[in-house]
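One file, structure.cif, carrying mmCIF, C-alpha atoms:
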```
data_data
#
loop_
_atom_site.label_atom_id
_atom_site.label_comp_id
_atom_site.auth_asym_id
_atom_site.auth_seq_id
_atom_site.Cartn_x
_atom_site.Cartn_y
_atom_site.Cartn_z
CA MET W 343 8.24 -63.54 -3.19
CA ILE W 344 9.37 -60.71 -5.48
CA TYR W 345 6.33 -61.32 -7.67
CA LEU W 346 3.98 -61.03 -4.65
CA ILE W 347 5.67 -57.82 -3.46
CA ASN W 348 5.37 -56.30 -6.94
CA LEU W 349 1.75 -57.42 -7.17
CA ASN W 350 0.91 -55.82 -3.81
CA ALA W 351 2.71 -52.62 -4.79
CA MET W 352 0.80 -52.56 -8.08
CA LYS W 353 -2.52 -53.03 -6.25
CA LYS W 354 -1.73 -50.12 -3.90
CA LEU W 355 -0.70 -47.91 -6.84
CA LEU W 356 -3.86 -48.74 -8.77
CA LEU W 357 -5.99 -48.11 -5.67
CA THR W 358 -4.33 -44.73 -5.11
CA ILE W 359 -4.81 -43.76 -8.75
CA GLY W 360 -8.42 -44.87 -8.54
CA ILE W 361 -9.10 -42.75 -5.45
CA ILE W 362 -7.44 -39.67 -6.97
CA THR W 363 -9.34 -40.14 -10.23
CA THR W 364 -12.63 -40.52 -8.36
CA VAL W 365 -12.03 -37.37 -6.31
CA ILE W 366 -11.07 -35.35 -9.38
CA SER W 367 -14.01 -36.69 -11.40
CA TYR W 368 -16.41 -35.93 -8.57
CA GLY W 369 -14.99 -32.43 -8.20
CA PHE W 370 -15.35 -31.60 -11.88
CA SER W 371 -18.85 -33.08 -12.01
CA GLN W 372 -19.86 -30.69 -9.22
CA THR W 373 -18.06 -27.66 -10.70
CA ILE W 374 -20.01 -24.43 -10.90
CA TYR W 375 -18.94 -21.20 -12.56
CA GLY W 376 -19.09 -17.62 -11.45
CA LEU W 377 -18.56 -14.03 -12.42
CA LYS W 378 -17.78 -11.12 -10.12
CA ALA W 379 -16.93 -7.46 -10.58
CA GLY W 380 -16.35 -4.39 -8.47
CA VAL W 381 -14.09 -1.55 -7.48
CA ASN W 382 -10.34 -1.65 -6.81
CA LEU W 383 -8.53 0.68 -4.42
CA ALA W 384 -4.92 0.34 -5.46
CA LYS W 385 -1.48 1.70 -4.67
CA VAL W 386 2.18 0.88 -5.27
CA SER W 387 4.29 0.15 -2.21
CA PRO W 388 6.70 1.58 -1.21
CA GLY W 389 6.67 3.61 -4.44
CA VAL W 390 8.42 6.91 -5.04
CA GLU W 391 10.17 7.78 -1.76
CA VAL W 392 9.91 11.59 -2.00
CA LEU W 393 6.19 11.32 -2.81
CA LYS W 394 5.12 8.65 -0.33
CA ASP W 395 3.25 11.15 1.87
CA TYR W 396 1.20 12.24 -1.15
CA GLN W 397 0.03 8.81 -2.28
CA LYS W 398 -3.74 8.30 -2.38
CA LYS W 399 -5.91 5.30 -3.16
CA HIS W 400 -6.05 4.77 -6.90
CA VAL W 401 -9.64 3.94 -7.92
CA SER W 402 -10.17 1.39 -10.68
CA PHE W 403 -12.20 -1.78 -11.34
CA TYR W 404 -11.98 -5.54 -11.79
CA VAL W 405 -13.92 -8.28 -13.60
CA THR W 406 -13.26 -11.94 -12.79
CA GLY W 407 -14.56 -15.20 -14.19
CA PHE W 408 -13.88 -18.34 -12.17
CA ALA W 409 -14.69 -22.00 -11.65
CA ASP W 410 -15.51 -23.45 -8.23
CA ILE W 411 -14.28 -27.05 -8.03
CA PRO W 412 -15.24 -28.95 -4.82
CA VAL W 413 -12.43 -31.18 -3.55
CA ALA W 414 -13.73 -31.88 -0.03
CA ASN W 415 -16.67 -31.07 2.21
CA GLN W 416 -17.04 -27.25 2.28
CA PHE W 417 -13.69 -26.85 0.51
CA SER W 418 -13.09 -25.83 -3.12
CA ILE W 419 -10.36 -24.79 -5.51
CA GLN W 420 -11.14 -21.70 -7.59
CA PRO W 421 -9.04 -21.08 -10.69
CA GLY W 422 -9.97 -18.05 -12.75
CA ILE W 423 -9.04 -15.27 -15.11
CA SER W 424 -9.35 -11.63 -14.15
CA LEU W 425 -9.08 -8.18 -15.69
CA GLN W 426 -7.57 -5.99 -12.97
CA GLY W 427 -7.19 -2.22 -12.92
CA LYS W 428 -4.20 -1.20 -10.82
CA GLY W 429 -1.86 1.75 -10.44
CA SER W 430 -1.03 4.66 -8.18
CA THR W 431 -2.15 8.23 -7.54
CA TYR W 432 -0.13 11.04 -5.99
CA GLU W 433 -1.81 14.34 -5.16
CA GLY W 434 -0.82 17.33 -3.03
CA GLU W 435 1.08 20.56 -2.76
CA MET W 436 4.85 20.89 -2.76
CA ASN W 437 6.75 24.16 -2.43
CA GLY W 438 3.52 26.08 -2.84
CA THR W 439 2.54 24.35 -6.10
CA SER W 440 -0.22 21.76 -6.37
CA GLY W 441 0.15 18.77 -8.62
CA SER W 442 -0.88 15.21 -9.32
CA ILE W 443 0.51 12.09 -10.96
CA LYS W 444 -1.77 9.20 -11.84
CA GLY W 445 -0.61 5.90 -13.24
CA ASP W 446 -3.21 3.50 -14.67
CA VAL W 447 -2.24 -0.12 -15.27
CA MET W 448 -4.47 -2.81 -16.74
CA SER W 449 -3.44 -6.37 -15.96
CA ILE W 450 -4.72 -9.83 -16.84
CA GLU W 451 -4.39 -12.13 -13.83
CA VAL W 452 -4.68 -15.88 -13.42
CA PRO W 453 -5.48 -16.65 -9.75
CA VAL W 454 -5.83 -20.08 -8.14
CA ASN W 455 -7.50 -19.80 -4.74
CA ALA W 456 -8.35 -22.34 -2.07
CA VAL W 457 -11.77 -21.47 -0.62
CA TYR W 458 -13.48 -22.72 2.54
CA TYR W 459 -17.25 -22.37 3.00
CA ILE W 460 -18.99 -22.02 6.38
CA PRO W 461 -22.80 -22.46 6.40
CA ALA W 462 -24.47 -19.40 7.95
CA GLY W 463 -28.06 -18.22 7.75
CA MET W 464 -29.35 -17.95 4.18
CA GLY W 465 -26.06 -19.00 2.63
CA LYS W 466 -22.39 -19.50 3.36
CA VAL W 467 -19.51 -17.36 4.55
CA PHE W 468 -16.39 -18.03 2.48
CA LEU W 469 -12.71 -17.40 3.12
CA GLY W 470 -9.88 -18.06 0.74
CA ALA W 471 -6.33 -17.41 -0.36
CA GLY W 472 -3.95 -18.40 -3.11
CA PRO W 473 -1.30 -17.28 -5.59
CA TYR W 474 -1.74 -15.32 -8.79
CA VAL W 475 0.36 -14.47 -11.80
CA GLY W 476 -0.43 -11.33 -13.79
CA PHE W 477 0.54 -9.79 -17.11
CA ASN W 478 0.49 -6.02 -17.46
CA VAL W 479 -1.04 -5.35 -20.87
CA SER W 480 -1.55 -1.58 -20.98
CA GLY W 481 -0.95 1.55 -18.95
CA LYS W 482 -0.61 5.31 -18.98
CA SER W 483 0.48 8.10 -16.68
CA VAL W 484 -1.17 11.51 -16.43
CA SER W 485 0.68 14.32 -14.66
CA LYS W 486 -0.45 17.87 -13.90
CA VAL W 487 1.38 20.75 -12.22
CA GLY W 488 -0.48 23.86 -11.10
CA ASP W 489 -2.56 25.44 -13.85
CA GLU W 490 -0.59 23.83 -16.64
CA ALA W 491 -2.26 21.40 -19.01
CA SER W 492 -2.04 17.75 -18.01
CA VAL W 493 0.55 15.58 -19.76
CA GLU W 494 -0.35 12.01 -20.74
CA GLU W 495 2.21 9.33 -21.55
CA LYS W 496 1.91 5.68 -22.44
CA LEU W 497 3.64 3.21 -20.11
CA ASP W 498 6.07 0.77 -21.72
CA PHE W 499 6.44 -2.79 -20.43
CA SER W 500 9.26 -3.95 -22.70
CA GLY W 501 12.55 -2.72 -24.07
CA ASP W 502 15.55 -1.05 -22.46
CA ASP W 503 13.55 2.05 -21.50
CA LYS W 504 10.52 0.27 -20.09
CA ASP W 505 8.59 1.96 -17.28
CA MET W 506 7.28 -1.20 -15.58
CA GLU W 507 7.79 -4.93 -15.64
CA ARG W 508 5.47 -7.02 -17.79
CA VAL W 509 4.96 -9.90 -15.33
CA ASP W 510 3.48 -9.57 -11.85
CA ALA W 511 2.95 -12.23 -9.19
CA GLY W 512 1.67 -12.33 -5.65
CA LEU W 513 -0.97 -13.62 -3.24
CA ASN W 514 -4.75 -13.18 -3.10
CA PHE W 515 -6.86 -13.06 0.06
CA LEU W 516 -10.64 -13.09 -0.21
CA GLY W 517 -13.77 -13.33 1.85
CA GLY W 518 -17.46 -12.73 1.60
CA TYR W 519 -20.93 -14.22 1.67
CA LYS W 520 -22.64 -16.48 -0.85
CA PHE W 521 -26.43 -16.59 -0.73
CA ASN W 522 -28.23 -19.85 -1.51
CA ASN W 523 -29.41 -18.38 -4.82
CA GLY W 524 -25.78 -17.88 -5.92
CA PHE W 525 -25.50 -14.13 -5.34
CA LEU W 526 -22.12 -13.09 -3.91
CA ILE W 527 -20.89 -10.20 -1.80
CA ASN W 528 -17.12 -10.25 -1.66
CA ALA W 529 -13.97 -8.39 -0.66
CA GLY W 530 -10.36 -9.14 -1.42
CA TYR W 531 -6.77 -8.03 -1.13
CA GLY W 532 -4.00 -8.54 -3.67
CA LEU W 533 -0.48 -8.54 -2.25
CA GLY W 534 2.06 -8.14 -5.03
CA LEU W 535 5.39 -9.82 -4.32
CA THR W 536 7.40 -8.70 -7.35
CA ASP W 537 9.03 -5.34 -7.97
CA GLN W 538 7.15 -3.65 -10.80
CA ILE W 539 9.20 -0.47 -11.27
CA SER W 540 12.09 -0.72 -13.69
CA ASP W 541 13.98 2.22 -12.15
CA SER W 542 16.76 0.67 -10.08
CA GLU W 543 16.47 3.43 -7.47
CA THR W 544 12.74 2.95 -6.89
CA LYS W 545 10.93 -0.15 -5.68
CA GLY W 546 7.22 -0.81 -5.83
CA SER W 547 4.76 -3.70 -5.78
CA HIS W 548 1.02 -3.63 -6.33
CA ARG W 549 -1.33 -3.50 -3.36
CA VAL W 550 -5.03 -3.81 -4.24
CA LEU W 551 -8.05 -3.71 -1.92
CA SER W 552 -11.26 -4.71 -3.70
CA PHE W 553 -15.00 -4.80 -3.06
CA GLY W 554 -17.65 -6.23 -5.33
CA VAL W 555 -20.59 -8.47 -6.08
CA GLY W 556 -21.04 -11.52 -8.25
CA PHE W 557 -23.03 -14.62 -9.04
CA GLN W 558 -22.30 -18.34 -9.16
CA PHE W 559 -24.30 -20.24 -11.78
#
```

Encoded form (structure tokens):
Amino acid sequence: MIYLINLNAMKKLLLTIGIITTVISYGFSQTIYGLKAGVNLAKVSPGVEVLKDYQKKHVSFYVTGFADIPVANQFSIQPGISLQGKGSTYEGEMNGTSGSIKGDVMSIEVPVNAVYYIPAGMGKVFLGAGPYVGFNVSGKSVSKVGDEASVEEKLDFSGDDKDMERVDAGLNFLGGYKFNNGFLINAGYGLGLTDQISDSETKGSHRVLSFGVGFQF
């Protein structure tokens, strides 16, 4: 009796492993690759409290390479690697003096998105979401007050006097249209969930709205 129970359990386990292996093998055999790039409109939220009314959209760029792995009908997993320009811009006049502070941050992100495709017209509408982890690799701040010369400083991501945290993490949301020839029109939103500012009195996470085009090969 015990032998039969173990045999049945082994058959079920082998069947399950076989199904999973088949699905994974099918997905990878159907994998296609893509590249997309575009403009980022970024900010840090909530950011510097006394300057929150002066914060503008910080314009930068992104470039992303990804794989599209089908796992079910009209449903794919998209892992990738992305170069993301982020940061914040403050501009305005205070006490009769104009000024600006711009912080540029370049980050390497690793997103993993779940994407659903909806056939429509000459292609497919796609919607997706998923987590990402990012690593801030370089950055600088440029400040200017009135007619004075601008002051540029490098941002530090390590050490006791660091300006920002090295590691970032959050959620991606994306949508767009994929034509049958592989051309993509896409938009996205990155919602940072980790505090990036090392100053204990200031909190701020990345918020990035993006628009771009791409191609799936």

Atom CA of Tyr531 of chain W to atom CA of Gly441 of chain W, distance in Å rounded to a single decimal:
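Separation of atom CA of Tyr531 of chain W and atom CA of Gly441 of chain W: 28.7 Å.
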
Can you translate the PyMOL selection byres ((chain W and resi 383) around 9) into the concrete residues it hits in this file, as number ranges by chain?
W: 381-382, 384-385, 399-403, 428, 549-553

Shell around Asn514 of chain W at 8 Å using all atoms listed in the file, local window under 6 positions removed, as a list in words
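The residues that qualify are Pro453, Asn455, Ala471, Gly472, Pro473, Tyr474, Gly530, Tyr531, Gly532 and Leu533 of chain W.
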
Can you spit out the residues from that selection as a PDB file, in the frame of the given file, using C-alpha atoms?
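File again-v2.pdb, as written:
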```
ATOM      1  CA  PRO W 453      -5.480 -16.650  -9.750  1.00  0.00           C
ATOM      2  CA  ASN W 455      -7.500 -19.800  -4.740  1.00  0.00           C
ATOM      3  CA  ALA W 471      -6.330 -17.410  -0.360  1.00  0.00           C
ATOM      4  CA  GLY W 472      -3.950 -18.400  -3.110  1.00  0.00           C
ATOM      5  CA  PRO W 473      -1.300 -17.280  -5.590  1.00  0.00           C
ATOM      6  CA  TYR W 474      -1.740 -15.320  -8.790  1.00  0.00           C
ATOM      7  CA  GLY W 530     -10.360  -9.140  -1.420  1.00  0.00           C
ATOM      8  CA  TYR W 531      -6.770  -8.030  -1.130  1.00  0.00           C
ATOM      9  CA  GLY W 532      -4.000  -8.540  -3.670  1.00  0.00           C
ATOM     10  CA  LEU W 533      -0.480  -8.540  -2.250  1.00  0.00           C
TER      11      LEU W 533
END
```

By how many Å are atom CA of Gly524 of chain W and atom CA of Met464 of chain W apart?
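So the two atoms, atom CA of Gly524 of chain W and atom CA of Met464 of chain W, lie 10.7 Å apart.
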
From the set W:Gly463, W:Gly389, W:Thr406, W:Asp446, which residue has the shortest atom-to-atom contact distance to Gly556 of chain W, counting all atoms listed in the file?
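Residue with the minimum atom-to-atom distance to Gly556 of chain W: W:Thr406.
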
At what distance in Å, to one decimal, does atom CA of Val386 of chain W lie from atom CA of Tyr404 of chain W?
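It comes out at 16.9 Å.
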
Output file request: segment 473-505 of chain W, with N, CA and C atoms, as an mmCIF file, in the first residue's frame.
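part-v3.cif, freshly written:
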```cif
data_model
loop_
_atom_site.group_PDB
_atom_site.id
_atom_site.type_symbol
_atom_site.label_atom_id
_atom_site.label_comp_id
_atom_site.auth_asym_id
_atom_site.auth_seq_id
_atom_site.Cartn_x
_atom_site.Cartn_y
_atom_site.Cartn_z
ATOM 1 N N PRO W 473 7.722 44.772 -10.746
ATOM 2 C CA PRO W 473 8.710 45.418 -9.878
ATOM 3 C C PRO W 473 10.000 45.738 -10.629
ATOM 4 N N TYR W 474 10.792 46.612 -10.047
ATOM 5 C CA TYR W 474 12.133 46.867 -10.557
ATOM 6 C C TYR W 474 13.068 47.114 -9.387
ATOM 7 N N VAL W 475 14.334 46.837 -9.624
ATOM 8 C CA VAL W 475 15.385 47.241 -8.689
ATOM 9 C C VAL W 475 16.391 48.051 -9.486
ATOM 10 N N GLY W 476 16.853 49.163 -8.918
ATOM 11 C CA GLY W 476 17.761 50.044 -9.628
ATOM 12 C C GLY W 476 19.009 50.339 -8.826
ATOM 13 N N PHE W 477 20.063 50.717 -9.542
ATOM 14 C CA PHE W 477 21.339 51.057 -8.915
ATOM 15 C C PHE W 477 21.797 52.410 -9.458
ATOM 16 N N ASN W 478 21.823 53.399 -8.595
ATOM 17 C CA ASN W 478 22.256 54.731 -9.005
ATOM 18 C C ASN W 478 23.764 54.710 -9.218
ATOM 19 N N VAL W 479 24.189 55.019 -10.444
ATOM 20 C CA VAL W 479 25.605 54.880 -10.778
ATOM 21 C C VAL W 479 26.328 56.220 -10.924
ATOM 22 N N SER W 480 25.597 57.295 -11.201
ATOM 23 C CA SER W 480 26.249 58.599 -11.309
ATOM 24 C C SER W 480 25.213 59.697 -11.116
ATOM 25 N N GLY W 481 25.697 60.880 -10.765
ATOM 26 C CA GLY W 481 24.769 61.995 -10.582
ATOM 27 C C GLY W 481 25.508 63.293 -10.310
ATOM 28 N N LYS W 482 24.818 64.386 -10.551
ATOM 29 C CA LYS W 482 25.393 65.702 -10.260
ATOM 30 C C LYS W 482 24.262 66.681 -9.976
ATOM 31 N N SER W 483 24.579 67.728 -9.253
ATOM 32 C CA SER W 483 23.633 68.802 -9.012
ATOM 33 C C SER W 483 24.222 70.101 -9.536
ATOM 34 N N VAL W 484 23.374 70.923 -10.140
ATOM 35 C CA VAL W 484 23.789 72.225 -10.661
ATOM 36 C C VAL W 484 22.849 73.273 -10.071
ATOM 37 N N SER W 485 23.408 74.206 -9.329
ATOM 38 C CA SER W 485 22.603 75.252 -8.700
ATOM 39 C C SER W 485 23.023 76.626 -9.214
ATOM 40 N N LYS W 486 22.047 77.527 -9.292
ATOM 41 C CA LYS W 486 22.317 78.886 -9.777
ATOM 42 C C LYS W 486 21.413 79.856 -9.029
ATOM 43 N N VAL W 487 21.980 80.949 -8.560
ATOM 44 C CA VAL W 487 21.228 81.975 -7.846
ATOM 45 C C VAL W 487 21.464 83.316 -8.534
ATOM 46 N N GLY W 488 20.371 83.921 -8.989
ATOM 47 C CA GLY W 488 20.465 85.232 -9.629
ATOM 48 C C GLY W 488 21.426 85.235 -10.794
ATOM 49 N N ASP W 489 22.297 86.253 -10.834
ATOM 50 C CA ASP W 489 23.269 86.395 -11.915
ATOM 51 C C ASP W 489 24.595 85.720 -11.621
ATOM 52 N N GLU W 490 24.666 85.038 -10.508
ATOM 53 C CA GLU W 490 25.910 84.366 -10.146
ATOM 54 C C GLU W 490 26.162 83.169 -11.065
ATOM 55 N N ALA W 491 27.409 82.783 -11.165
ATOM 56 C CA ALA W 491 27.756 81.609 -11.976
ATOM 57 C C ALA W 491 27.180 80.345 -11.333
ATOM 58 N N SER W 492 26.788 79.404 -12.175
ATOM 59 C CA SER W 492 26.235 78.153 -11.666
ATOM 60 C C SER W 492 27.324 77.339 -10.967
ATOM 61 N N VAL W 493 26.904 76.568 -9.981
ATOM 62 C CA VAL W 493 27.814 75.725 -9.203
ATOM 63 C C VAL W 493 27.445 74.260 -9.436
ATOM 64 N N GLU W 494 28.414 73.468 -9.864
ATOM 65 C CA GLU W 494 28.172 72.052 -10.153
ATOM 66 C C GLU W 494 28.886 71.175 -9.137
ATOM 67 N N GLU W 495 28.170 70.184 -8.623
ATOM 68 C CA GLU W 495 28.743 69.267 -7.651
ATOM 69 C C GLU W 495 28.364 67.830 -8.006
ATOM 70 N N LYS W 496 29.299 66.938 -7.774
ATOM 71 C CA LYS W 496 29.050 65.523 -8.002
ATOM 72 C C LYS W 496 28.262 64.945 -6.838
ATOM 73 N N LEU W 497 27.283 64.089 -7.132
ATOM 74 C CA LEU W 497 26.502 63.430 -6.092
ATOM 75 C C LEU W 497 27.207 62.152 -5.649
ATOM 76 N N ASP W 498 27.280 61.964 -4.334
ATOM 77 C CA ASP W 498 27.888 60.756 -3.782
ATOM 78 C C ASP W 498 26.804 59.770 -3.356
ATOM 79 N N PHE W 499 27.066 58.479 -3.641
ATOM 80 C CA PHE W 499 26.105 57.425 -3.302
ATOM 81 C C PHE W 499 26.656 56.454 -2.266
ATOM 82 N N SER W 500 27.794 56.789 -1.683
ATOM 83 C CA SER W 500 28.373 55.921 -0.652
ATOM 84 C C SER W 500 29.130 56.773 0.353
ATOM 85 N N GLY W 501 29.420 56.189 1.492
ATOM 86 C CA GLY W 501 30.147 56.903 2.531
ATOM 87 C C GLY W 501 29.224 57.587 3.523
ATOM 88 N N ASP W 502 29.812 58.129 4.572
ATOM 89 C CA ASP W 502 29.032 58.774 5.630
ATOM 90 C C ASP W 502 28.372 60.072 5.166
ATOM 91 N N ASP W 503 28.953 60.716 4.174
ATOM 92 C CA ASP W 503 28.415 61.996 3.698
ATOM 93 C C ASP W 503 27.690 61.866 2.358
ATOM 94 N N LYS W 504 27.180 60.688 2.070
ATOM 95 C CA LYS W 504 26.530 60.471 0.779
ATOM 96 C C LYS W 504 25.295 61.354 0.622
ATOM 97 N N ASP W 505 25.021 61.725 -0.629
ATOM 98 C CA ASP W 505 23.882 62.583 -0.949
ATOM 99 C C ASP W 505 22.610 61.779 -1.198
#
```
